$ cat protein00.txt   # compact mmCIF, C-alpha atoms
# COMPACT_ATOMS: atom_id res chain seq x y z
CA MET A 889 87.26 34.11 141.00
CA ARG A 890 88.02 35.41 137.51
CA LYS A 891 88.25 32.92 134.68
CA ILE A 892 91.77 32.59 133.26
CA LYS A 893 92.44 31.86 129.60
CA VAL A 894 95.79 31.08 128.03
CA LEU A 895 96.46 31.33 124.30
CA LEU A 896 99.45 29.42 122.95
CA GLY A 897 101.19 30.13 119.67
CA ARG A 898 103.42 32.56 117.82
CA ILE A 899 102.90 36.09 119.20
CA ILE A 900 102.98 39.14 116.93
CA ASP A 901 102.44 41.87 119.51
CA ALA A 902 102.60 44.97 117.23
CA VAL A 903 105.30 46.38 119.52
CA ASN A 904 108.44 44.40 118.74
CA ASP A 905 109.83 43.72 115.30
CA ARG A 906 110.30 40.01 115.98
CA PRO A 907 107.61 37.53 116.97
CA VAL A 908 107.76 35.26 119.98
CA GLU A 909 107.73 31.92 118.18
CA ASP A 910 106.62 29.76 121.12
CA GLY A 911 104.58 32.17 123.15
CA ALA A 912 101.80 32.35 125.68
CA VAL A 913 99.26 35.08 126.42
CA ILE A 914 97.52 34.82 129.80
CA ILE A 915 94.20 36.61 130.22
CA GLU A 916 92.51 37.19 133.56
CA GLY A 917 89.09 38.73 133.26
CA GLU A 918 89.22 41.37 130.56
CA ARG A 919 92.96 42.08 130.63
CA ILE A 920 96.27 40.55 129.61
CA VAL A 921 98.40 39.61 132.62
CA TYR A 922 101.29 38.00 130.74
CA ALA A 923 102.56 37.94 127.16
CA GLY A 924 105.87 36.33 126.30
CA PRO A 925 107.76 33.06 125.95
CA ARG A 926 105.75 30.01 126.93
CA GLU A 927 108.63 28.57 128.96
CA ARG A 928 108.45 31.53 131.37
CA ALA A 929 104.66 31.80 131.51
CA PRO A 930 103.10 31.45 135.01
CA ILE A 931 100.19 29.33 133.79
CA PRO A 932 97.74 28.47 136.62
CA GLU A 933 96.49 24.91 136.94
CA ASN A 934 92.85 25.93 136.47
CA ALA A 935 93.45 27.91 133.26
CA GLU A 936 91.65 27.17 130.00
CA ILE A 937 94.40 26.70 127.42
CA LEU A 938 93.57 27.35 123.77
CA THR A 939 95.51 26.98 120.53
CA CYS A 940 95.27 25.58 117.01
CA GLU A 941 97.67 24.10 114.47
CA ASN A 942 100.37 26.64 113.48
CA ALA A 943 98.68 29.27 115.65
CA THR A 944 99.54 32.98 115.57
CA ILE A 945 98.21 35.37 118.20
CA LEU A 946 97.72 39.01 117.16
CA PRO A 947 96.00 42.10 118.52
CA GLY A 948 92.45 42.40 117.25
CA PHE A 949 92.22 44.11 113.88
CA ILE A 950 91.06 47.73 113.66
CA ASP A 951 89.28 49.05 110.57
CA ALA A 952 89.66 52.82 110.73
CA HIS A 953 87.32 53.59 107.82
CA ILE A 954 83.86 52.08 107.59
CA HIS A 955 80.21 53.17 107.14
CA LEU A 956 77.84 50.85 109.00
CA VAL A 957 74.56 51.64 107.23
CA GLY A 958 73.81 48.27 105.61
CA SER A 959 72.69 49.78 102.31
CA GLU A 960 74.96 47.59 100.16
CA SER A 961 75.09 44.55 102.43
CA VAL A 962 74.41 41.01 101.28
CA HIS A 963 72.13 40.75 104.34
CA LYS A 964 69.86 43.67 103.39
CA THR A 965 66.14 42.92 103.61
CA GLY A 966 64.77 46.36 102.75
CA ASP A 967 65.56 50.05 102.34
CA THR A 968 63.84 51.66 105.32
CA PRO A 969 66.05 52.90 108.17
CA TYR A 970 64.64 50.08 110.32
CA ASP A 971 65.64 47.43 107.78
CA LEU A 972 69.07 48.96 107.37
CA LEU A 973 69.78 49.24 111.09
CA LEU A 974 68.92 45.56 111.55
CA THR A 975 71.17 44.77 108.59
CA ALA A 976 73.99 46.72 110.25
CA VAL A 977 73.54 44.61 113.39
CA LYS A 978 74.25 41.50 111.32
CA ASP A 979 77.14 43.24 109.57
CA VAL A 980 78.96 44.13 112.79
CA SER A 981 78.77 40.48 113.81
CA ASP A 982 80.43 39.55 110.52
CA LEU A 983 83.20 42.05 111.25
CA VAL A 984 84.05 40.31 114.51
CA ASP A 985 84.09 36.91 112.79
CA ALA A 986 86.78 38.29 110.45
CA GLY A 987 88.92 39.37 113.43
CA VAL A 988 87.89 43.04 113.56
CA THR A 989 87.63 44.17 117.17
CA GLY A 990 87.57 47.94 116.65
CA VAL A 991 86.26 50.36 114.00
CA ARG A 992 85.83 54.04 113.28
CA ASP A 993 82.33 54.33 111.86
CA MET A 994 81.00 57.27 109.86
CA SER A 995 77.21 56.93 109.73
CA ALA A 996 73.95 57.85 111.44
CA PHE A 997 73.84 54.44 113.14
CA GLY A 998 77.20 54.61 114.91
CA ARG A 999 76.01 55.73 118.33
CA ALA A 1000 73.15 53.21 118.49
CA LEU A 1001 75.42 50.35 117.40
CA ARG A 1002 78.18 51.39 119.82
CA ASP A 1003 75.81 51.58 122.76
CA ALA A 1004 74.20 48.22 121.93
CA VAL A 1005 77.63 46.57 121.68
CA ASN A 1006 78.79 48.17 124.93
CA ALA A 1007 75.63 46.99 126.71
CA GLY A 1008 76.21 43.44 125.49
CA ASN A 1009 72.94 43.43 123.53
CA ILE A 1010 74.59 42.62 120.20
CA LYS A 1011 77.85 41.12 119.00
CA GLY A 1012 80.17 43.68 117.48
CA PRO A 1013 83.55 45.45 117.65
CA ARG A 1014 84.40 48.49 119.71
CA ILE A 1015 83.02 51.47 117.77
CA MET A 1016 84.34 55.01 117.66
CA VAL A 1017 81.51 57.19 116.32
CA GLY A 1018 82.18 59.72 113.58
CA GLY A 1019 78.61 60.71 112.75
CA ARG A 1020 77.70 61.48 109.17
CA VAL A 1021 80.25 62.63 106.60
CA LEU A 1022 80.17 66.38 105.98
CA SER A 1023 80.07 67.63 102.38
CA ILE A 1024 78.98 70.61 100.34
CA SER A 1025 75.86 70.45 98.19
CA SER A 1026 76.88 69.23 94.70
CA GLY A 1027 79.74 67.44 96.46
CA HIS A 1028 80.71 63.88 97.34
CA CYS A 1029 77.74 63.31 99.69
CA ASP A 1030 75.10 64.84 97.43
CA PHE A 1031 73.52 61.51 96.54
CA ASP A 1032 70.04 62.50 95.33
CA VAL A 1033 69.61 65.82 93.51
CA THR A 1034 65.84 65.25 93.13
CA LYS A 1035 65.49 66.09 96.83
CA SER A 1036 66.16 69.36 98.62
CA VAL A 1037 69.32 69.69 100.69
CA ALA A 1038 67.19 69.96 103.84
CA ARG A 1039 65.35 66.72 103.04
CA CYS A 1040 68.60 64.91 102.24
CA ASN A 1041 70.04 66.04 105.56
CA GLU A 1042 67.06 64.62 107.43
CA GLU A 1043 66.99 61.29 105.58
CA ASP A 1044 70.54 60.42 104.57
CA LEU A 1045 72.32 57.89 106.75
CA THR A 1046 75.85 58.56 105.49
CA GLY A 1047 76.21 62.19 104.43
CA PHE A 1048 75.26 65.67 105.65
CA MET A 1049 75.56 68.78 103.47
CA MET A 1050 76.68 72.24 104.55
CA ASP A 1051 77.14 75.46 102.57
CA GLY A 1052 78.81 78.54 104.03
CA PRO A 1053 80.54 79.14 107.38
CA GLU A 1054 77.32 79.41 109.42
CA ASP A 1055 76.09 76.09 108.02
CA CYS A 1056 79.44 74.58 108.90
CA TYR A 1057 79.15 75.63 112.54
CA LYS A 1058 75.66 74.11 112.73
CA GLY A 1059 76.59 70.94 110.84
CA VAL A 1060 79.58 70.12 113.00
CA ARG A 1061 77.64 70.82 116.17
CA ARG A 1062 74.80 68.60 114.97
CA GLN A 1063 77.18 65.67 114.53
CA PHE A 1064 78.46 66.14 118.07
CA ARG A 1065 74.87 66.40 119.32
CA GLU A 1066 74.15 63.06 117.65
CA GLY A 1067 77.12 61.35 119.28
CA ALA A 1068 80.15 61.97 117.07
CA GLU A 1069 83.57 61.48 118.67
CA PHE A 1070 85.45 62.89 115.66
CA ILE A 1071 84.44 64.66 112.45
CA LYS A 1072 84.89 63.52 108.87
CA ILE A 1073 84.62 65.90 105.92
CA CYS A 1074 84.96 65.64 102.17
CA ALA A 1075 87.92 67.77 101.11
CA THR A 1076 87.58 66.60 97.49
CA GLY A 1077 85.14 64.93 95.19
CA GLY A 1078 85.18 61.17 94.86
CA VAL A 1079 85.00 58.17 92.59
CA SER A 1080 81.62 57.01 93.87
CA SER A 1081 79.84 60.38 93.64
CA ALA A 1082 77.72 61.05 90.58
CA ILE A 1083 77.89 64.87 90.51
CA ASP A 1084 81.44 65.93 91.22
CA ASP A 1085 84.85 65.00 89.89
CA TYR A 1086 87.48 63.62 92.23
CA ASN A 1087 89.73 66.57 91.40
CA ASP A 1088 87.12 69.06 92.68
CA GLN A 1089 87.96 70.96 95.85
CA GLU A 1090 84.94 71.06 98.13
CA PHE A 1091 84.97 73.36 101.16
CA SER A 1092 86.35 76.89 100.89
CA GLU A 1093 89.24 78.05 103.05
CA GLU A 1094 86.84 79.90 105.33
CA GLU A 1095 84.56 76.89 105.68
CA LEU A 1096 87.49 74.60 106.46
CA LYS A 1097 88.68 77.01 109.14
CA VAL A 1098 85.27 76.96 110.83
CA ILE A 1099 85.02 73.14 110.73
CA ILE A 1100 88.50 72.61 112.15
CA GLN A 1101 88.21 75.24 114.87
CA GLU A 1102 84.80 73.99 116.00
CA THR A 1103 85.99 70.37 116.08
CA HIS A 1104 89.13 71.23 118.00
CA ARG A 1105 87.01 73.10 120.55
CA HIS A 1106 85.38 69.72 121.22
CA ASN A 1107 88.84 68.26 121.92
CA THR A 1108 88.91 65.93 118.95
CA TYR A 1109 90.03 65.86 115.33
CA VAL A 1110 88.98 66.31 111.71
CA THR A 1111 89.68 63.61 109.17
CA ALA A 1112 89.16 64.24 105.48
CA HIS A 1113 88.17 62.23 102.43
CA CYS A 1114 90.96 63.10 99.99
CA THR A 1115 91.14 61.91 96.39
CA GLY A 1116 92.35 64.73 94.14
CA THR A 1117 95.58 66.58 94.88
CA ALA A 1118 94.44 70.23 95.01
CA GLY A 1119 91.65 69.69 97.55
CA THR A 1120 93.89 67.48 99.67
CA LYS A 1121 96.58 70.15 99.75
CA ALA A 1122 94.07 72.87 100.65
CA ALA A 1123 92.71 70.80 103.53
CA LEU A 1124 96.20 70.02 104.83
CA LYS A 1125 97.18 73.69 104.72
CA ALA A 1126 93.97 74.54 106.58
CA GLY A 1127 94.99 72.16 109.38
CA ILE A 1128 93.07 68.87 109.04
CA ASP A 1129 94.36 66.14 111.32
CA CYS A 1130 94.06 62.94 109.24
CA VAL A 1131 93.77 61.93 105.57
CA GLU A 1132 91.45 59.19 104.29
CA HIS A 1133 92.23 57.42 100.97
CA GLY A 1134 95.04 59.78 99.92
CA VAL A 1135 94.72 58.59 96.34
CA MET A 1136 96.63 61.37 94.59
CA LEU A 1137 99.18 62.66 97.08
CA ASP A 1138 102.14 64.55 95.73
CA GLU A 1139 105.43 65.29 97.47
CA GLU A 1140 104.21 68.59 98.90
CA CYS A 1141 101.19 66.86 100.48
CA VAL A 1142 103.38 64.21 102.04
CA GLN A 1143 105.86 66.79 103.32
CA ILE A 1144 103.05 68.69 105.08
CA MET A 1145 101.74 65.43 106.54
CA LYS A 1146 105.17 64.49 107.82
CA LYS A 1147 105.77 67.92 109.35
CA ASN A 1148 102.37 68.03 111.07
CA ASN A 1149 102.26 64.32 112.00
CA VAL A 1150 99.11 63.71 109.94
CA PRO A 1151 98.30 59.99 109.56
CA LEU A 1152 97.01 58.36 106.38
CA VAL A 1153 94.19 55.78 106.26
CA THR A 1154 94.45 53.20 103.50
CA THR A 1155 91.26 51.86 101.76
CA LEU A 1156 93.62 50.31 99.21
CA SER A 1157 91.67 47.14 98.47
CA VAL A 1158 88.92 49.29 97.00
CA ALA A 1159 91.30 51.64 95.19
CA LEU A 1160 93.33 48.80 93.67
CA GLY A 1161 90.31 46.68 92.84
CA LEU A 1162 87.71 49.16 91.54
CA ALA A 1163 88.39 48.50 87.89
CA ASP A 1164 87.69 44.79 88.41
CA MET A 1165 84.51 45.12 90.48
CA LYS A 1166 81.17 44.00 89.09
CA ASN A 1167 77.94 45.94 88.55
CA LEU A 1168 79.33 49.39 89.30
CA PRO A 1169 77.52 52.45 87.85
CA PRO A 1170 79.02 53.82 84.60
CA HIS A 1171 80.27 57.04 86.27
CA MET A 1172 82.28 54.96 88.74
CA MET A 1173 83.79 52.77 86.04
CA ARG A 1174 84.94 55.86 84.14
CA LYS A 1175 86.68 57.25 87.20
CA ALA A 1176 88.07 53.94 88.45
CA GLN A 1177 90.58 53.49 85.65
CA GLY A 1178 93.00 56.13 86.91
CA VAL A 1179 92.75 55.36 90.60
CA LYS A 1180 94.82 52.18 90.96
CA GLU A 1181 98.22 53.46 89.85
CA ALA A 1182 97.75 56.82 91.57
CA ALA A 1183 96.95 55.14 94.90
CA MET A 1184 99.97 52.87 94.68
CA ARG A 1185 102.25 55.83 93.97
CA SER A 1186 100.77 57.76 96.91
CA PHE A 1187 101.37 54.98 99.40
CA GLN A 1188 104.84 54.28 98.09
CA LEU A 1189 105.61 57.96 98.65
CA ALA A 1190 104.06 57.82 102.12
CA HIS A 1191 106.27 54.82 102.91
CA GLU A 1192 109.35 56.64 101.67
CA TYR A 1193 108.61 59.56 104.01
CA GLY A 1194 107.72 57.32 106.95
CA LEU A 1195 104.16 58.56 107.42
CA THR A 1196 101.99 56.86 110.00
CA VAL A 1197 99.54 54.65 108.12
CA ALA A 1198 96.39 53.10 109.57
CA LEU A 1199 94.36 50.39 107.93
CA GLY A 1200 90.88 51.22 106.68
CA THR A 1201 88.75 49.42 104.13
CA ASP A 1202 85.60 51.36 103.13
CA TYR A 1203 84.03 47.90 102.83
CA SER A 1204 80.23 47.63 102.94
CA ASN A 1205 79.68 43.84 103.13
CA SER A 1206 78.61 43.91 99.50
CA PRO A 1207 79.44 41.10 97.04
CA ASN A 1208 82.44 43.20 95.93
CA THR A 1209 83.55 44.03 99.48
CA PRO A 1210 82.50 41.19 101.83
CA PHE A 1211 83.41 41.55 105.48
CA SER A 1212 84.60 37.93 105.45
CA GLU A 1213 87.48 39.13 103.24
CA ILE A 1214 88.17 42.42 105.01
CA GLY A 1215 91.70 41.18 105.81
CA ARG A 1216 92.64 41.65 102.15
CA GLU A 1217 93.52 45.20 103.15
CA PHE A 1218 96.69 43.90 104.86
CA TYR A 1219 97.74 42.31 101.57
CA SER A 1220 96.91 45.45 99.58
CA LEU A 1221 99.28 47.47 101.73
CA THR A 1222 102.10 45.01 101.06
CA ARG A 1223 101.50 45.51 97.33
CA CYS A 1224 102.64 49.12 97.87
CA GLY A 1225 105.98 48.18 99.42
CA TYR A 1226 105.05 47.73 103.09
CA SER A 1227 106.31 44.68 104.96
CA PRO A 1228 103.79 42.27 106.49
CA LEU A 1229 104.73 43.56 109.94
CA GLU A 1230 104.20 47.17 108.87
CA ALA A 1231 100.80 46.19 107.49
CA ILE A 1232 99.90 44.43 110.75
CA LYS A 1233 100.89 47.50 112.78
CA ALA A 1234 98.74 49.64 110.46
CA GLY A 1235 95.76 47.42 111.25
CA THR A 1236 96.33 47.26 115.00
CA ILE A 1237 98.30 49.85 117.00
CA ASN A 1238 98.00 52.63 114.41
CA GLY A 1239 94.25 52.18 114.23
CA ALA A 1240 94.09 52.20 118.02
CA LYS A 1241 95.78 55.61 118.01
CA LEU A 1242 93.09 56.98 115.71
CA MET A 1243 90.45 55.54 118.03
CA LYS A 1244 92.27 57.39 120.85
CA ARG A 1245 92.50 54.08 122.75
CA ASN A 1246 96.09 52.99 122.13
CA HIS A 1247 96.64 53.01 125.90
CA GLU A 1248 94.14 50.12 126.11
CA ILE A 1249 94.10 48.25 122.79
CA GLY A 1250 96.16 47.71 119.63
CA THR A 1251 99.07 45.70 121.07
CA ILE A 1252 99.59 42.56 123.12
CA GLU A 1253 101.05 43.85 126.38
CA LYS A 1254 100.52 43.22 130.06
CA GLY A 1255 97.73 45.39 131.43
CA LYS A 1256 95.98 46.02 128.12
CA LEU A 1257 92.48 44.85 127.26
CA ALA A 1258 92.45 41.35 125.80
CA ASP A 1259 91.25 42.19 122.29
CA LEU A 1260 92.95 39.29 120.51
CA VAL A 1261 92.71 37.06 117.47
CA LEU A 1262 94.13 33.59 116.92
CA VAL A 1263 94.77 32.76 113.27
CA GLN A 1264 96.06 29.64 111.56
CA GLY A 1265 99.33 30.23 109.74
CA ASN A 1266 102.15 32.75 109.84
CA PRO A 1267 101.17 36.16 108.39
CA LEU A 1268 104.80 37.32 108.44
CA GLU A 1269 105.51 34.65 105.81
CA ASP A 1270 102.14 34.85 104.02
CA ILE A 1271 100.05 37.95 104.72
CA LEU A 1272 97.09 36.33 102.95
CA VAL A 1273 96.63 34.24 106.10
CA LEU A 1274 94.69 37.30 107.33
CA ALA A 1275 92.65 37.70 104.15
CA HIS A 1276 89.67 35.48 105.03
CA ALA A 1277 87.55 34.92 108.11
CA ASP A 1278 87.98 31.14 107.77
CA ASN A 1279 91.59 31.52 108.98
CA VAL A 1280 90.50 33.49 112.04
CA LYS A 1281 89.92 30.71 114.57
CA LEU A 1282 89.33 32.63 117.80
CA VAL A 1283 88.33 36.22 118.61
CA LEU A 1284 88.33 37.77 122.06
CA ILE A 1285 87.10 41.26 122.94
CA GLY A 1286 87.86 42.28 126.49
CA GLY A 1287 88.67 38.65 127.24
CA GLN A 1288 85.21 37.46 126.15
CA GLU A 1289 84.97 34.88 123.39
CA GLN A 1290 83.21 36.31 120.35
CA LYS A 1291 84.17 33.55 117.92
CA ARG A 1292 85.61 30.08 118.45
CA MET A 1293 85.95 27.55 115.67
CA ASP A 1294 86.01 23.81 116.17
CA ASP A 1295 89.71 23.46 115.39
CA VAL A 1296 90.65 25.52 118.46
CA LYS A 1297 91.76 22.85 120.91
CA ASN A 1298 93.03 22.54 124.44
CA GLY A 1299 96.73 23.44 124.30
CA LEU A 1300 98.02 20.74 126.62
$ encode --input "protein00.txt" --output "C-alpha cells"
Amino acid sequence: MRKIKVLLGRIIDAVNDRPVEDGAVIIEGERIVYAGPRERAPIPENAEILTCENATILPGFIDAHIHLVGSESVHKTGDTPYDLLLTAVKDVSDLVDAGVTGVRDMSAFGRALRDAVNAGNIKGPRIMVGGRVLSISSGHCDFDVTKSVARCNEEDLTGFMMDGPEDCYKGVRRQFREGAEFIKICATGGVSSAIDDYNDQEFSEEELKVIIQETHRHNTYVTAHCTGTAGTKAALKAGIDCVEHGVMLDEECVQIMKKNNVPLVTTLSVALGLADMKNLPPHMMRKAQGVKEAAMRSFQLAHEYGLTVALGTDYSNSPNTPFSEIGREFYSLTRCGYSPLEAIKAGTINGAKLMKRNHEIGTIEKGKLADLVLVQGNPLEDILVLAHADNVKLVLIGGQEQKRMDDVKNGL
C-alpha cells in the first residue's frame, strides 16, 4: 500500500492567479492525487498530515541557469576534478534545502550528477544536462590563455572552445556524446571573462547556423549567453531558441523574441548585485558598473512585451552567491516590475518548460509529480519569504521527503 501524505496550507499552484487560502495537497506515492480546498479534500484516515505555522505550499523551485562544478563553492576542499565533483555533490544537496527541485546545469559534471540523483545515490534536484558552454577562443569561456585551446578543452569543466564551422559541428556533437540534453553557447562576451568585452559578438553567422542546425537535428534547443546588444541580435536573427541574462536588450531584440516565442532567463541577482560583491577581480569590477541599470531596463522591456521569463541564478555557492539564498532571485525579478506571482511562475512552470518537463512538474495539479515545497509565510505579500533556506520547511521530490524541519507538525 502506498504511503499517503497530505500538506495543509495556502496553495500557490502556478496555474491560477489566486491562491487557495485553506488548501490541501494529497500525495500518493510520487504523484499528486488532489489539490484544492481543504474542506473538499478526500483525506484518508491513515494519511500523514503535515503543515507549519502560516504555511504556503508551492511547486518546487526550478533554477534554469547553473554551473555545478564546485570551483567557487564554500565547500571546496581542493582543485582537482575529483575534489570539485565531491564539492558539487554537497552543493546539489544545498540546492534542495533551499527549495530547488529542478535545474538546468551547464558543466562537465551534469550527467554524472543527474544519474547519481536519479539512482538515489545522492540528494539533489532533477537535473537537465547542458554539457559545457560553447565559446570561441578569445571569447567568454577562454579562461586560461597560457594553455593551448586543445588542452583547455580537455581540462575545463565549464567551457569548450570552437573556431570555424567544422569545429562547431564537432563541438556540438561532443556535448551530445557526453550527455547534453540542450546546447548553450556564448553569443557575446561577458562580465566575468578576462579577455573579451561584453559588447563583443562571438560566433560568426556561419558558425551560428551550424550550431543551431546541428542542435535542432538532435531534437532540442540552443540557448545563448547574451550580454551586449549586437551579439544578442545576431544570435536571435540566426535562430537561437532561448536567451540567458539578456542584460542589454533593445526593442528590436525583444520584438524578435516575442515573434519567435524565445524565452528569457533571468540571473538578475548577480546582475543587480555585482557592483556590491566582495573580492571580485579588477576586470569584473570595471565591467560591473554598467550592468545593473541595463539589466533592469531589459527586464522592464521584456515585461512590457509579455515575454516568457524563467528564473535562473548563475549562483555558485560562493560567499557572494550562497545556495541558501538562491531564492533572492524571486525578489530581484520583482525589482524590475514583476508581481510576486509572476516571479513565482518564472521559477516554477516556466522553468519546467525549459526543462521540457512541464507535463510532469512546475505546477500543483492532480496527476503531476509531487515536487513541492512548504514555506513559512505568504510570498504573495512578501516575496522575501522565499529568499532564504531557513523559511523552506519541507521539500518533496517525487513525493519523497528531501528536507523536513522541526517546525513541520502534524496538521490535525
$ closest_residue --input "protein00.txt" --among "A:Val1158, A:Ile1099, A:Ala1112, A:Leu1257" --to "A:Glu916" --atoms "only C-alpha atoms"
A:Leu1257
$ atom_distance --input "protein00.txt" --atom1 "atom CA of A:Glu933" --atom2 "atom CA of A:Gly917"
16.1 Å
$ axis_aligned_box --input "protein00.txt" --around "stretch 1112-1126 of chain A" --padding-each-side "6 Å" --output "AutoDock Vina command-line options"
--center_x 92.7 --center_y 68.2 --center_z 100.4 --size_x 21.0 --size_y 24.6 --size_z 24.4
$ closest_residue --input "protein00.txt" --among "A:Gln1101, A:Asn1107, A:Asn934, A:Thr1120" --to "A:Thr1076" --atoms "only C-alpha atoms"
A:Thr1120
$ atom_distance --input "protein00.txt" --atom1 "atom CA of A:Pro1267" --atom2 "atom CA of A:Val1150"
27.7 Å
$ closest_residue --input "protein00.txt" --among "A:Asn1266, A:Glu1093, A:Leu1160, A:Lys1291" --to "A:Asp1278" --atoms "all atoms listed in the file"
A:Lys1291
$ decode --input "protein00.txt" --residues "stretch 1192-1205 of chain A" --atoms "N, CA and C atoms" --output "PDB file, in the first residue's frame"
ATOM      1  N   GLU A1192       7.034  44.508 -20.466  1.00  0.00           N
ATOM      2  CA  GLU A1192       6.118  45.306 -21.287  1.00  0.00           C
ATOM      3  C   GLU A1192       5.635  44.518 -22.505  1.00  0.00           C
ATOM      4  N   TYR A1193       6.519  43.717 -23.099  1.00  0.00           N
ATOM      5  CA  TYR A1193       6.172  42.945 -24.293  1.00  0.00           C
ATOM      6  C   TYR A1193       5.585  41.577 -23.951  1.00  0.00           C
ATOM      7  N   GLY A1194       5.542  41.228 -22.688  1.00  0.00           N
ATOM      8  CA  GLY A1194       4.961  39.955 -22.285  1.00  0.00           C
ATOM      9  C   GLY A1194       5.779  38.738 -22.659  1.00  0.00           C
ATOM     10  N   LEU A1195       7.115  38.868 -22.636  1.00  0.00           N
ATOM     11  CA  LEU A1195       7.964  37.714 -22.928  1.00  0.00           C
ATOM     12  C   LEU A1195       7.846  36.675 -21.818  1.00  0.00           C
ATOM     13  N   THR A1196       8.025  35.423 -22.187  1.00  0.00           N
ATOM     14  CA  THR A1196       8.123  34.364 -21.186  1.00  0.00           C
ATOM     15  C   THR A1196       9.473  34.469 -20.488  1.00  0.00           C
ATOM     16  N   VAL A1197       9.436  34.549 -19.172  1.00  0.00           N
ATOM     17  CA  VAL A1197      10.654  34.692 -18.376  1.00  0.00           C
ATOM     18  C   VAL A1197      10.773  33.515 -17.427  1.00  0.00           C
ATOM     19  N   ALA A1198      11.946  32.893 -17.407  1.00  0.00           N
ATOM     20  CA  ALA A1198      12.230  31.805 -16.475  1.00  0.00           C
ATOM     21  C   ALA A1198      13.319  32.235 -15.516  1.00  0.00           C
ATOM     22  N   LEU A1199      13.228  31.743 -14.300  1.00  0.00           N
ATOM     23  CA  LEU A1199      14.177  32.129 -13.271  1.00  0.00           C
ATOM     24  C   LEU A1199      15.463  31.318 -13.386  1.00  0.00           C
ATOM     25  N   GLY A1200      16.580  32.026 -13.393  1.00  0.00           N
ATOM     26  CA  GLY A1200      17.900  31.402 -13.325  1.00  0.00           C
ATOM     27  C   GLY A1200      18.769  32.263 -12.437  1.00  0.00           C
ATOM     28  N   THR A1201      19.808  31.690 -11.858  1.00  0.00           N
ATOM     29  CA  THR A1201      20.591  32.470 -10.886  1.00  0.00           C
ATOM     30  C   THR A1201      22.055  32.652 -11.260  1.00  0.00           C
ATOM     31  N   ASP A1202      22.685  31.684 -11.891  1.00  0.00           N
ATOM     32  CA  ASP A1202      24.141  31.709 -12.109  1.00  0.00           C
ATOM     33  C   ASP A1202      24.887  31.676 -10.777  1.00  0.00           C
ATOM     34  N   TYR A1203      24.214  31.219  -9.719  1.00  0.00           N
ATOM     35  CA  TYR A1203      24.872  31.116  -8.416  1.00  0.00           C
ATOM     36  C   TYR A1203      25.885  29.965  -8.427  1.00  0.00           C
ATOM     37  N   SER A1204      26.891  30.067  -7.552  1.00  0.00           N
ATOM     38  CA  SER A1204      27.944  29.053  -7.493  1.00  0.00           C
ATOM     39  C   SER A1204      28.200  28.551  -6.077  1.00  0.00           C
ATOM     40  N   ASN A1205      27.336  28.906  -5.131  1.00  0.00           N
ATOM     41  CA  ASN A1205      27.500  28.570  -3.712  1.00  0.00           C
ATOM     42  C   ASN A1205      28.740  29.209  -3.118  1.00  0.00           C
TER      43      ASN A1205
END
